[in-house]
file data.cif (mmCIF, C-alpha atoms)
data_model
loop_
_atom_site.label_atom_id
_atom_site.label_comp_id
_atom_site.auth_asym_id
_atom_site.auth_seq_id
_atom_site.Cartn_x
_atom_site.Cartn_y
_atom_site.Cartn_z
CA MET A 1 7.55 32.46 -7.86
CA ASN A 2 4.25 31.62 -6.25
CA THR A 3 4.26 32.95 -2.69
CA GLU A 4 0.68 31.79 -2.06
CA LEU A 5 1.48 28.15 -2.71
CA LEU A 6 -0.87 26.81 -0.03
CA LYS A 7 -3.82 29.13 -0.61
CA GLY A 8 -6.82 28.32 -2.81
CA ASN A 9 -10.10 30.07 -3.59
CA LEU A 10 -12.01 28.82 -0.55
CA VAL A 11 -9.46 27.21 1.78
CA ARG A 12 -5.81 27.21 2.72
CA LEU A 13 -3.58 24.39 3.92
CA GLY A 14 -2.20 25.10 7.39
CA ALA A 15 0.19 23.44 9.80
CA PHE A 16 -0.69 19.98 11.03
CA ASP A 17 -0.46 20.41 14.80
CA PRO A 18 -0.87 17.07 16.63
CA GLU A 19 -2.45 18.83 19.62
CA ILE A 20 -5.16 20.51 17.50
CA ALA A 21 -5.56 17.51 15.19
CA ALA A 22 -6.12 15.16 18.16
CA ASP A 23 -9.05 17.27 19.38
CA LEU A 24 -10.49 17.47 15.87
CA PHE A 25 -10.05 13.73 15.18
CA ALA A 26 -11.78 12.86 18.45
CA ARG A 27 -14.79 14.94 17.37
CA TRP A 28 -14.81 13.93 13.70
CA ASN A 29 -14.55 10.24 14.52
CA ALA A 30 -17.91 10.42 16.30
CA ASP A 31 -19.31 10.39 12.74
CA SER A 32 -19.07 6.77 11.64
CA GLU A 33 -19.87 7.64 8.02
CA TYR A 34 -16.83 9.94 7.97
CA GLN A 35 -14.64 7.08 9.22
CA ARG A 36 -16.09 4.64 6.70
CA LEU A 37 -15.37 6.99 3.82
CA LEU A 38 -11.81 7.47 5.02
CA ASP A 39 -10.55 4.08 6.16
CA TRP A 40 -11.12 0.40 5.52
CA GLU A 41 -10.37 -0.63 9.07
CA PRO A 42 -13.31 -0.84 11.50
CA ALA A 43 -14.61 2.52 12.69
CA LEU A 44 -13.53 3.14 16.27
CA ARG A 45 -13.25 5.78 19.00
CA PHE A 46 -10.08 6.94 20.69
CA SER A 47 -9.58 9.44 23.51
CA LYS A 48 -7.94 12.78 22.72
CA LYS A 49 -4.97 11.63 24.77
CA ALA A 50 -4.51 8.41 22.81
CA SER A 51 -4.98 10.25 19.49
CA ARG A 52 -2.39 12.86 20.40
CA GLU A 53 0.15 10.25 21.50
CA TRP A 54 -0.43 8.24 18.32
CA LEU A 55 -0.10 11.34 16.13
CA GLU A 56 3.10 12.45 17.87
CA LYS A 57 4.58 8.98 17.53
CA ASN A 58 3.67 8.68 13.83
CA MET A 59 4.21 12.30 12.79
CA ASP A 60 7.28 11.56 10.64
CA LYS A 61 5.93 8.30 9.29
CA TYR A 62 2.43 9.28 8.14
CA PHE A 63 2.22 13.05 8.46
CA GLU A 64 5.38 14.35 6.84
CA HIS A 65 3.28 16.17 4.21
CA ALA A 66 0.04 16.58 6.15
CA PHE A 67 -2.00 19.75 6.51
CA LEU A 68 -5.12 20.96 8.22
CA ILE A 69 -7.63 22.44 5.78
CA ARG A 70 -8.84 25.86 6.97
CA THR A 71 -11.54 28.06 5.45
CA LEU A 72 -10.34 31.40 4.09
CA GLU A 73 -13.51 33.01 5.41
CA ASP A 74 -12.95 32.36 9.14
CA ASP A 75 -9.83 30.16 9.36
CA ARG A 76 -11.86 27.26 10.79
CA PRO A 77 -10.17 23.82 10.55
CA ILE A 78 -12.60 21.64 8.55
CA GLY A 79 -10.48 18.70 7.48
CA GLU A 80 -7.11 17.18 6.83
CA ILE A 81 -5.16 16.32 3.70
CA SER A 82 -1.85 14.56 3.28
CA LEU A 83 0.57 13.12 0.76
CA SER A 84 2.42 9.87 1.48
CA VAL A 85 5.33 9.44 -0.85
CA VAL A 86 5.55 5.78 -1.95
CA CYS A 87 9.23 6.11 -2.68
CA TRP A 88 11.09 9.21 -3.74
CA ASN A 89 12.99 7.59 -6.57
CA TRP A 90 9.71 6.76 -8.31
CA GLY A 91 8.10 10.19 -7.88
CA ASP A 92 4.71 8.82 -6.83
CA ALA A 93 2.64 9.69 -3.75
CA TYR A 94 -0.78 8.73 -2.44
CA VAL A 95 -3.06 11.56 -1.38
CA GLY A 96 -5.69 11.23 1.34
CA ILE A 97 -8.32 13.79 2.29
CA GLY A 98 -11.08 13.96 4.88
CA LEU A 99 -13.58 16.70 5.67
CA GLY A 100 -14.65 16.09 9.23
CA GLU A 101 -17.38 18.69 9.52
CA ARG A 102 -20.50 17.32 7.85
CA ALA A 103 -21.96 20.84 7.40
CA ASP A 104 -18.99 21.62 5.13
CA TRP A 105 -19.60 18.75 2.70
CA GLY A 106 -20.67 19.54 -0.87
CA LYS A 107 -19.40 23.13 -0.89
CA GLY A 108 -16.28 22.70 -2.99
CA TYR A 109 -13.86 22.88 -0.04
CA GLY A 110 -12.45 19.40 -0.69
CA THR A 111 -11.93 20.03 -4.41
CA ASP A 112 -10.20 23.32 -3.61
CA ALA A 113 -7.91 21.65 -1.03
CA MET A 114 -7.07 18.87 -3.49
CA GLN A 115 -6.15 21.40 -6.17
CA ILE A 116 -3.80 23.12 -3.72
CA ILE A 117 -2.06 19.91 -2.70
CA LEU A 118 -1.63 18.88 -6.36
CA ARG A 119 0.15 22.17 -6.97
CA TYR A 120 2.29 21.44 -3.90
CA ALA A 121 3.00 17.87 -5.13
CA PHE A 122 4.09 18.96 -8.60
CA MET A 123 5.58 22.42 -8.04
CA GLU A 124 7.22 22.00 -4.61
CA LEU A 125 7.89 18.26 -4.21
CA ASP A 126 8.48 17.73 -7.96
CA LEU A 127 6.55 14.46 -8.03
CA HIS A 128 5.80 12.72 -11.32
CA ARG A 129 2.28 11.60 -10.42
CA VAL A 130 -0.22 11.43 -7.57
CA SER A 131 -2.33 8.35 -6.78
CA LEU A 132 -5.41 7.80 -4.67
CA ASP A 133 -7.87 5.06 -3.86
CA VAL A 134 -11.52 5.65 -3.13
CA PHE A 135 -14.31 3.30 -2.08
CA GLU A 136 -16.93 2.76 -4.77
CA TYR A 137 -19.69 4.05 -2.45
CA ASN A 138 -17.94 7.43 -2.07
CA LEU A 139 -19.59 9.07 -5.08
CA ARG A 140 -19.01 12.60 -3.81
CA GLY A 141 -15.28 11.88 -3.52
CA ILE A 142 -15.04 10.37 -7.00
CA ARG A 143 -16.79 13.39 -8.56
CA SER A 144 -14.47 15.78 -6.76
CA TYR A 145 -11.32 13.90 -7.82
CA GLU A 146 -12.48 13.85 -11.45
CA LYS A 147 -12.95 17.61 -11.29
CA CYS A 148 -9.31 17.92 -10.19
CA GLY A 149 -8.16 15.92 -13.22
CA PHE A 150 -7.75 12.45 -11.71
CA VAL A 151 -8.41 9.57 -14.12
CA VAL A 152 -9.70 6.11 -13.14
CA GLU A 153 -6.84 3.60 -13.51
CA GLY A 154 -8.73 0.49 -12.44
CA ARG A 155 -10.62 -1.12 -9.60
CA GLU A 156 -9.68 -3.78 -7.11
CA ARG A 157 -12.67 -6.10 -6.95
CA ALA A 158 -14.48 -6.85 -3.72
CA LEU A 159 -11.86 -5.37 -1.40
CA LEU A 160 -14.17 -4.15 1.33
CA GLN A 161 -16.68 -6.03 3.44
CA ARG A 162 -19.25 -3.63 4.84
CA ASP A 163 -22.94 -3.83 5.71
CA GLY A 164 -23.14 -7.42 4.54
CA ARG A 165 -21.68 -7.07 1.08
CA ARG A 166 -18.41 -6.60 -0.79
CA TRP A 167 -17.39 -3.29 -2.37
CA ASP A 168 -14.74 -2.43 -4.97
CA VAL A 169 -11.99 0.11 -4.44
CA ILE A 170 -11.35 2.48 -7.33
CA TYR A 171 -7.83 3.68 -8.09
CA MET A 172 -7.27 7.07 -9.67
CA GLY A 173 -4.15 8.89 -10.75
CA ILE A 174 -2.97 12.16 -12.24
CA LEU A 175 0.31 12.73 -14.08
CA LYS A 176 2.25 15.96 -13.77
CA GLU A 177 2.16 16.48 -17.56
CA ASP A 178 -1.64 16.29 -17.56
CA TRP A 179 -1.90 18.58 -14.54
CA LEU A 180 0.28 21.15 -16.33
CA LYS A 181 -2.17 21.18 -19.25
CA GLN A 182 -5.02 22.23 -16.97
CA PRO A 183 -6.09 25.88 -17.12
CA HIS A 184 -4.81 26.75 -13.63
CA PRO A 185 -1.12 25.88 -13.33
CA ALA A 186 1.04 27.87 -10.95
CA MET B 1 -11.85 -34.74 4.46
CA SER B 2 -8.74 -34.24 6.45
CA ILE B 3 -6.85 -31.35 7.93
CA ALA B 4 -3.56 -33.11 7.31
CA ILE B 5 -2.63 -31.19 4.14
CA PRO B 6 0.95 -29.96 4.54
CA LEU B 7 0.88 -26.15 4.73
CA PHE B 8 4.62 -25.52 4.65
CA GLU B 9 6.08 -27.90 2.07
CA THR B 10 5.90 -29.06 -1.54
CA ASP B 11 8.08 -31.59 -3.37
CA HIS B 12 11.12 -29.35 -3.51
CA ILE B 13 10.74 -26.42 -1.15
CA CYS B 14 9.50 -25.56 2.31
CA LEU B 15 8.43 -22.38 4.10
CA GLY B 16 10.11 -21.80 7.42
CA PRO B 17 11.36 -19.22 9.87
CA ILE B 18 14.42 -17.01 9.74
CA ASP B 19 17.75 -18.58 10.68
CA TYR B 20 19.64 -15.72 12.36
CA GLU B 21 22.92 -17.65 12.18
CA LYS B 22 23.08 -18.57 8.52
CA ASP B 23 20.64 -16.43 6.57
CA PRO B 24 22.09 -12.89 6.93
CA GLU B 25 25.19 -13.80 4.97
CA VAL B 26 23.18 -15.43 2.18
CA GLN B 27 20.81 -12.52 1.84
CA ALA B 28 23.63 -9.98 2.01
CA ARG B 29 25.07 -11.68 -1.10
CA TRP B 30 21.72 -11.44 -2.90
CA SER B 31 21.60 -7.72 -2.19
CA ASN B 32 24.47 -7.16 -4.64
CA ASP B 33 22.26 -8.43 -7.47
CA ALA B 34 20.42 -5.49 -9.01
CA GLU B 35 17.95 -7.79 -10.75
CA PHE B 36 16.82 -9.40 -7.49
CA MET B 37 16.70 -6.09 -5.62
CA ARG B 38 14.78 -4.26 -8.35
CA MET B 39 12.22 -7.04 -8.75
CA MET B 40 11.70 -7.33 -5.00
CA TYR B 41 11.86 -3.74 -3.73
CA ALA B 42 10.81 -0.30 -4.93
CA GLU B 43 13.56 1.48 -2.99
CA PRO B 44 16.83 2.30 -4.72
CA MET B 45 18.94 -0.86 -4.75
CA ARG B 46 22.11 -0.96 -2.71
CA PRO B 47 24.21 -3.74 -1.22
CA LEU B 48 23.31 -4.49 2.39
CA SER B 49 25.62 -5.70 5.12
CA THR B 50 24.76 -8.64 7.37
CA TRP B 51 24.15 -6.03 10.07
CA HIS B 52 21.43 -4.39 7.91
CA ILE B 53 19.87 -7.75 7.17
CA LYS B 54 19.76 -8.81 10.82
CA LYS B 55 18.15 -5.50 11.71
CA LYS B 56 15.55 -6.07 8.96
CA TYR B 57 14.80 -9.54 10.33
CA GLU B 58 14.24 -8.13 13.80
CA GLU B 59 11.88 -5.49 12.43
CA ILE B 60 9.97 -8.13 10.48
CA GLU B 61 9.57 -10.44 13.47
CA LYS B 62 8.60 -7.51 15.72
CA SER B 63 5.87 -6.39 13.32
CA MET B 64 4.68 -9.99 12.84
CA ASP B 65 4.27 -10.30 16.58
CA GLU B 66 2.76 -6.88 17.31
CA GLU B 67 0.56 -6.27 14.31
CA ARG B 68 -0.51 -9.78 13.28
CA THR B 69 -1.08 -8.56 9.73
CA ARG B 70 2.02 -10.14 8.24
CA PHE B 71 3.11 -13.73 7.67
CA PHE B 72 6.71 -13.88 6.53
CA PHE B 73 8.65 -17.00 5.53
CA HIS B 74 12.09 -17.99 4.44
CA VAL B 75 11.99 -20.49 1.57
CA ARG B 76 14.43 -23.40 1.69
CA LEU B 77 15.29 -26.12 -0.77
CA ARG B 78 14.34 -29.30 1.09
CA SER B 79 17.18 -31.42 -0.35
CA GLU B 80 19.93 -29.04 0.80
CA GLU B 81 18.20 -26.98 3.52
CA ARG B 82 19.56 -24.00 1.64
CA LEU B 83 17.83 -20.59 1.75
CA ILE B 84 16.63 -19.80 -1.78
CA GLY B 85 13.98 -17.12 -1.40
CA LEU B 86 11.56 -14.96 0.54
CA ALA B 87 7.78 -15.21 0.69
CA GLU B 88 5.15 -13.25 2.52
CA LEU B 89 1.52 -12.42 2.98
CA HIS B 90 1.23 -8.87 4.26
CA SER B 91 -1.03 -5.84 4.71
CA ILE B 92 -3.83 -8.08 5.94
CA SER B 93 -7.11 -6.45 6.93
CA TRP B 94 -8.99 -8.97 9.07
CA SER B 95 -12.37 -7.23 8.97
CA ASN B 96 -12.27 -7.26 5.16
CA ARG B 97 -10.45 -10.60 4.90
CA ILE B 98 -7.94 -9.29 2.36
CA GLY B 99 -4.16 -9.30 2.05
CA SER B 100 -1.23 -8.89 -0.31
CA VAL B 101 1.34 -11.41 -1.49
CA ARG B 102 4.98 -11.14 -2.56
CA LEU B 103 7.85 -13.52 -3.14
CA GLY B 104 11.33 -13.61 -4.61
CA ILE B 105 14.11 -16.04 -5.41
CA GLY B 106 17.61 -14.86 -4.54
CA LEU B 107 20.02 -16.42 -7.01
CA PRO B 108 19.70 -16.33 -10.82
CA GLU B 109 20.52 -20.05 -11.01
CA ASP B 110 17.55 -20.89 -8.76
CA ARG B 111 15.10 -19.06 -11.02
CA HIS B 112 13.12 -20.65 -13.88
CA LYS B 113 13.05 -24.01 -12.12
CA GLY B 114 9.45 -23.95 -10.99
CA TYR B 115 10.26 -23.00 -7.40
CA GLY B 116 8.27 -19.76 -7.76
CA SER B 117 5.16 -21.76 -8.65
CA GLU B 118 5.66 -24.08 -5.68
CA ILE B 119 6.07 -21.10 -3.34
CA LEU B 120 3.01 -19.28 -4.68
CA SER B 121 0.87 -22.43 -4.49
CA LEU B 122 1.75 -22.73 -0.79
CA LEU B 123 1.11 -19.04 -0.12
CA LEU B 124 -2.31 -19.21 -1.79
CA GLN B 125 -3.25 -22.35 0.11
CA TYR B 126 -2.13 -20.69 3.34
CA ALA B 127 -4.03 -17.47 2.55
CA PHE B 128 -7.29 -19.16 1.58
CA ARG B 129 -7.30 -22.34 3.68
CA GLU B 130 -5.55 -21.20 6.87
CA LEU B 131 -6.07 -17.42 7.08
CA ASN B 132 -9.50 -17.68 5.40
CA LEU B 133 -8.94 -14.59 3.28
CA TYR B 134 -11.57 -13.57 0.75
CA ARG B 135 -9.10 -12.15 -1.77
CA LEU B 136 -5.42 -11.47 -2.34
CA ARG B 137 -3.61 -8.80 -4.29
CA ALA B 138 -0.14 -8.36 -5.73
CA GLU B 139 1.55 -5.17 -6.88
CA VAL B 140 4.03 -5.69 -9.72
CA PRO B 141 5.93 -3.13 -11.82
CA ALA B 142 5.48 -3.77 -15.55
CA TYR B 143 9.21 -4.51 -16.03
CA ASN B 144 8.85 -7.64 -13.87
CA SER B 145 7.51 -9.86 -16.65
CA GLY B 146 8.44 -13.06 -14.80
CA GLY B 147 6.41 -12.01 -11.77
CA LEU B 148 3.42 -11.04 -13.91
CA ALA B 149 3.51 -14.38 -15.76
CA LEU B 150 3.63 -16.28 -12.47
CA PHE B 151 0.62 -14.48 -11.00
CA HIS B 152 -1.35 -14.80 -14.24
CA LYS B 153 -0.65 -18.55 -14.27
CA PHE B 154 -2.34 -18.81 -10.87
CA GLY B 155 -5.42 -16.94 -12.07
CA PHE B 156 -4.64 -13.42 -10.88
CA ILE B 157 -6.39 -10.76 -12.97
CA ASP B 158 -4.97 -7.33 -13.83
CA GLU B 159 -7.20 -4.89 -11.96
CA VAL B 160 -5.35 -1.58 -11.82
CA ARG B 161 -2.65 -0.01 -13.95
CA ARG B 162 -1.00 2.93 -12.19
CA ARG B 163 0.48 4.75 -15.17
CA GLU B 164 4.17 5.65 -14.99
CA ALA B 165 4.31 4.93 -11.25
CA ALA B 166 7.77 3.33 -11.40
CA TYR B 167 11.02 4.79 -12.72
CA ARG B 168 14.09 2.75 -13.63
CA ASP B 169 16.92 3.23 -16.11
CA GLY B 170 15.69 6.60 -17.29
CA ARG B 171 12.15 5.62 -18.17
CA CYS B 172 8.77 5.23 -16.56
CA TRP B 173 6.94 1.95 -16.10
CA ASP B 174 3.36 1.27 -15.13
CA VAL B 175 2.67 -0.50 -11.84
CA LEU B 176 0.03 -3.23 -12.00
CA HIS B 177 -2.26 -4.35 -9.22
CA LEU B 178 -3.43 -7.93 -9.64
CA GLY B 179 -6.23 -9.64 -7.74
CA LEU B 180 -7.42 -13.17 -7.06
CA LEU B 181 -10.61 -14.08 -5.21
CA CYS B 182 -10.79 -17.16 -3.01
CA ASP B 183 -13.61 -18.72 -5.05
CA GLU B 184 -11.65 -18.21 -8.28
CA TRP B 185 -8.71 -20.03 -6.69
CA GLN B 186 -11.03 -22.76 -5.39
CA ARG B 187 -12.34 -23.45 -8.91
CA MET B 188 -8.78 -23.94 -10.17
CA GLN B 189 -8.06 -26.69 -7.60
CA LYS B 190 -8.83 -30.10 -9.05
#
call {"tool": "encode", "arguments": {"input": "data.cif", "output": "structure tokens"}}
result
Amino acid sequence: MNTELLKGNLVRLGAFDPEIAADLFARWNADSEYQRLLDWEPALRFSKKASREWLEKNMDKYFEHAFLIRTLEDDRPIGEISLSVVCWNWGDAYVGIGLGERADWGKGYGTDAMQIILRYAFMELDLHRVSLDVFEYNLRGIRSYEKCGFVVEGRERALLQRDGRRWDVIYMGILKEDWLKQPHPA
Amino acid sequence: MSIAIPLFETDHICLGPIDYEKDPEVQARWSNDAEFMRMMYAEPMRPLSTWHIKKKYEEIEKSMDEERTRFFFHVRLRSEERLIGLAELHSISWSNRIGSVRLGIGLPEDRHKGYGSEILSLLLQYAFRELNLYRLRAEVPAYNSGGLALFHKFGFIDEVRRREAAYRDGRCWDVLHLGLLCDEWQRMQK
């Protein structure tokens, strides 16, 4: 049995504490590019107080399987990752990930965190597949997801309106059987 | 040009609000029909009491009022004022001018009579002419061939195929995402 289920090569997935997350979100959301990679709603700023209250209220709804991503090197929280189960009887969940600290982009932390949560999805939650959607302008994200074994399953045309033009949203998915064939199963 | 086009009615059906007196009993009966429940909802099917249904209605009306991202209708047959189905535009993002559409007809004997087409034509008109959306999407499991045929008839295009994302009767089914842009819809109007 794997006793290091939530530990990767560069990061680990730690508890999602609404108090800590509220402080982090308030800082990360100052970066509008971060928000526009993460969400299709307009970028906006909330106080720490409002963020904490919202997180506490929605903890069960949106953050049942949410984690803070921490570096193994110094245990710094650098992002968040979560699974939202669409419905248990279908064994499908959407994964969402955000790295809030710009200095930590492009270092493999996100890919490492994604590989951990896939192991969690398949080996602990026993899901059949994991889905995600990613905006077509998020090339770094798409590359990272492909590295983890996600396959493009289609694109919704012209879903986003940003900076005066429409953008597609790309859907990707990974099946448990394909994940098991990868060289690093638990 | 006129703004007098009827938004809520066709020859046979009309879109209206919930009737808290009469509708719970009707919909509670529908909930015993596995075909209706499995076409309409992803959750495991189970019969619902009128109490469950009323609670659902209250949640729907609360979210319609608070979030303003959902437009939910009860579909009635105009000749009998009888509830025959459900229709809604939901998950609207106003800054992107997008939304999703779903509908269902409760009783087997009311299906295959063209009511679905009349409902969808009203929903599309409402989405594109009243809400001014840029595009609409629908999510349909591959086992719902009637639903897929209806959306295709109205010009929806298959955009995404989430492999094996649904599970019924011991096997997996793909889930399709379909999309229709306002200008594609516009070109199909005579």
call {"tool": "resolve_selection", "arguments": {"input": "data.cif", "expression": "the PyMOL selection byres ((chain A) within 8 of (chain B))", "output": "list in words"}}
result
Trp40, Glu41, Pro42, Cys87, Asn89, Trp90, Gly91, Asp92, His128, Arg129, Ser131, Glu153, Gly154, Arg155, Glu156, Arg157, Ala158, Leu159, Leu160, Gln161, Arg162, Tyr171, Met172 and Gly173 of chain A
call {"tool": "resolve_selection", "arguments": {"input": "data.cif", "expression": "the PyMOL selection byres ((chain B and resi 40) around 12)", "output": "VMD selection string"}}
result
chain B and resid 30 to 31 33 to 39 41 to 45 85 to 88 101 to 106 138 to 141 143 to 144 146 to 147
call {"tool": "resolve_selection", "arguments": {"input": "data.cif", "expression": "the PyMOL selection byres ((chain A and resi 16) around 9)", "output": "MDAnalysis selection string"}}
result
chainID A and resid 13:15 17:21 63 65:68 80
call {"tool": "closest_residue", "arguments": {"input": "data.cif", "among": "A:Ile69, A:Ile81, A:Val130, A:Leu99", "to": "Arg12 in chain A", "atoms": "only C-alpha atoms"}}
result
A:Ile69
call {"tool": "residues_near_point", "arguments": {"input": "data.cif", "point": "(-15.4, 12.1, 16.0)", "cutoff": "12 Å", "atoms": "all atoms listed in the file", "output": "VMD selection string"}}
result
chain A and resid 21 to 36 43 to 48 51 79 99 to 102
call {"tool": "atom_distance", "arguments": {"input": "data.cif", "atom1": "CA of Gly96 in chain A", "atom2": "CA of Tyr145 in chain A"}}
result
11.1 Å
call {"tool": "atom_distance", "arguments": {"input": "data.cif", "atom1": "CA of Phe72 in chain B", "atom2": "CA of Lys190 in chain B"}}
result
27.3 Å
call {"tool": "build_atoms", "arguments": {"input": "data.cif", "residues": "range 56-64 of chain A", "atoms": "all heavy atoms", "output": "mmCIF file, in the frame of the given file"}}
result
data_model
loop_
_atom_site.group_PDB
_atom_site.id
_atom_site.type_symbol
_atom_site.label_atom_id
_atom_site.label_comp_id
_atom_site.auth_asym_id
_atom_site.auth_seq_id
_atom_site.Cartn_x
_atom_site.Cartn_y
_atom_site.Cartn_z
ATOM 1 N N GLU A 56 1.719 12.019 17.600
ATOM 2 C CA GLU A 56 3.100 12.450 17.870
ATOM 3 C C GLU A 56 4.088 11.353 17.492
ATOM 4 O O GLU A 56 5.135 11.612 16.907
ATOM 5 C CB GLU A 56 3.253 12.851 19.338
ATOM 6 C CG GLU A 56 2.671 14.236 19.609
ATOM 7 C CD GLU A 56 2.549 14.569 21.095
ATOM 8 O OE1 GLU A 56 2.890 13.712 21.936
ATOM 9 O OE2 GLU A 56 2.090 15.690 21.390
ATOM 10 N N LYS A 57 3.709 10.115 17.811
ATOM 11 C CA LYS A 57 4.580 8.980 17.530
ATOM 12 C C LYS A 57 4.747 8.762 16.010
ATOM 13 O O LYS A 57 5.809 8.376 15.533
ATOM 14 C CB LYS A 57 4.011 7.719 18.189
ATOM 15 C CG LYS A 57 5.003 6.585 18.296
ATOM 16 C CD LYS A 57 4.424 5.413 19.075
ATOM 17 C CE LYS A 57 4.893 4.122 18.444
ATOM 18 N NZ LYS A 57 3.880 3.083 18.400
ATOM 19 N N ASN A 58 3.655 8.996 15.265
ATOM 20 C CA ASN A 58 3.670 8.680 13.830
ATOM 21 C C ASN A 58 3.812 9.888 12.926
ATOM 22 O O ASN A 58 3.641 9.786 11.721
ATOM 23 C CB ASN A 58 2.396 7.916 13.466
ATOM 24 C CG ASN A 58 2.396 6.515 14.045
ATOM 25 O OD1 ASN A 58 3.159 5.663 13.626
ATOM 26 N ND2 ASN A 58 1.573 6.301 15.057
ATOM 27 N N MET A 59 4.113 11.038 13.528
ATOM 28 C CA MET A 59 4.210 12.300 12.790
ATOM 29 C C MET A 59 5.115 12.164 11.560
ATOM 30 O O MET A 59 4.720 12.518 10.448
ATOM 31 C CB MET A 59 4.771 13.344 13.751
ATOM 32 C CG MET A 59 4.317 14.738 13.510
ATOM 33 S SD MET A 59 2.550 14.913 13.406
ATOM 34 C CE MET A 59 2.477 16.554 12.784
ATOM 35 N N ASP A 60 6.320 11.651 11.753
ATOM 36 C CA ASP A 60 7.280 11.560 10.640
ATOM 37 C C ASP A 60 6.868 10.506 9.629
ATOM 38 O O ASP A 60 7.100 10.643 8.436
ATOM 39 C CB ASP A 60 8.675 11.231 11.173
ATOM 40 C CG ASP A 60 9.187 12.333 12.075
ATOM 41 O OD1 ASP A 60 8.686 13.463 11.948
ATOM 42 O OD2 ASP A 60 10.055 12.056 12.913
ATOM 43 N N LYS A 61 6.252 9.442 10.145
ATOM 44 C CA LYS A 61 5.930 8.300 9.290
ATOM 45 C C LYS A 61 4.751 8.609 8.373
ATOM 46 O O LYS A 61 4.799 8.371 7.179
ATOM 47 C CB LYS A 61 5.611 7.107 10.199
ATOM 48 C CG LYS A 61 5.702 5.763 9.542
ATOM 49 C CD LYS A 61 5.671 4.670 10.623
ATOM 50 C CE LYS A 61 5.069 3.389 10.117
ATOM 51 N NZ LYS A 61 4.636 2.531 11.244
ATOM 52 N N TYR A 62 3.660 9.108 8.936
ATOM 53 C CA TYR A 62 2.430 9.280 8.140
ATOM 54 C C TYR A 62 2.108 10.735 7.835
ATOM 55 O O TYR A 62 1.276 11.027 6.992
ATOM 56 C CB TYR A 62 1.224 8.685 8.869
ATOM 57 C CG TYR A 62 1.316 7.209 9.126
ATOM 58 C CD1 TYR A 62 1.181 6.696 10.409
ATOM 59 C CD2 TYR A 62 1.554 6.326 8.075
ATOM 60 C CE1 TYR A 62 1.254 5.332 10.657
ATOM 61 C CE2 TYR A 62 1.639 4.963 8.311
ATOM 62 C CZ TYR A 62 1.485 4.473 9.599
ATOM 63 O OH TYR A 62 1.568 3.134 9.827
ATOM 64 N N PHE A 63 2.697 11.668 8.564
ATOM 65 C CA PHE A 63 2.220 13.050 8.460
ATOM 66 C C PHE A 63 3.317 14.024 8.038
ATOM 67 O O PHE A 63 3.282 15.189 8.371
ATOM 68 C CB PHE A 63 1.563 13.489 9.769
ATOM 69 C CG PHE A 63 0.399 12.624 10.146
ATOM 70 C CD1 PHE A 63 0.561 11.582 11.039
ATOM 71 C CD2 PHE A 63 -0.844 12.824 9.574
ATOM 72 C CE1 PHE A 63 -0.509 10.763 11.380
ATOM 73 C CE2 PHE A 63 -1.917 12.010 9.895
ATOM 74 C CZ PHE A 63 -1.740 10.973 10.800
ATOM 75 N N GLU A 64 4.290 13.492 7.280
ATOM 76 C CA GLU A 64 5.380 14.350 6.840
ATOM 77 C C GLU A 64 4.841 15.478 5.956
ATOM 78 O O GLU A 64 5.265 16.624 6.066
ATOM 79 C CB GLU A 64 6.414 13.522 6.075
ATOM 80 C CG GLU A 64 7.705 14.280 5.846
ATOM 81 C CD GLU A 64 8.677 13.530 4.946
ATOM 82 O OE1 GLU A 64 8.415 12.360 4.631
ATOM 83 O OE2 GLU A 64 9.682 14.145 4.569
#
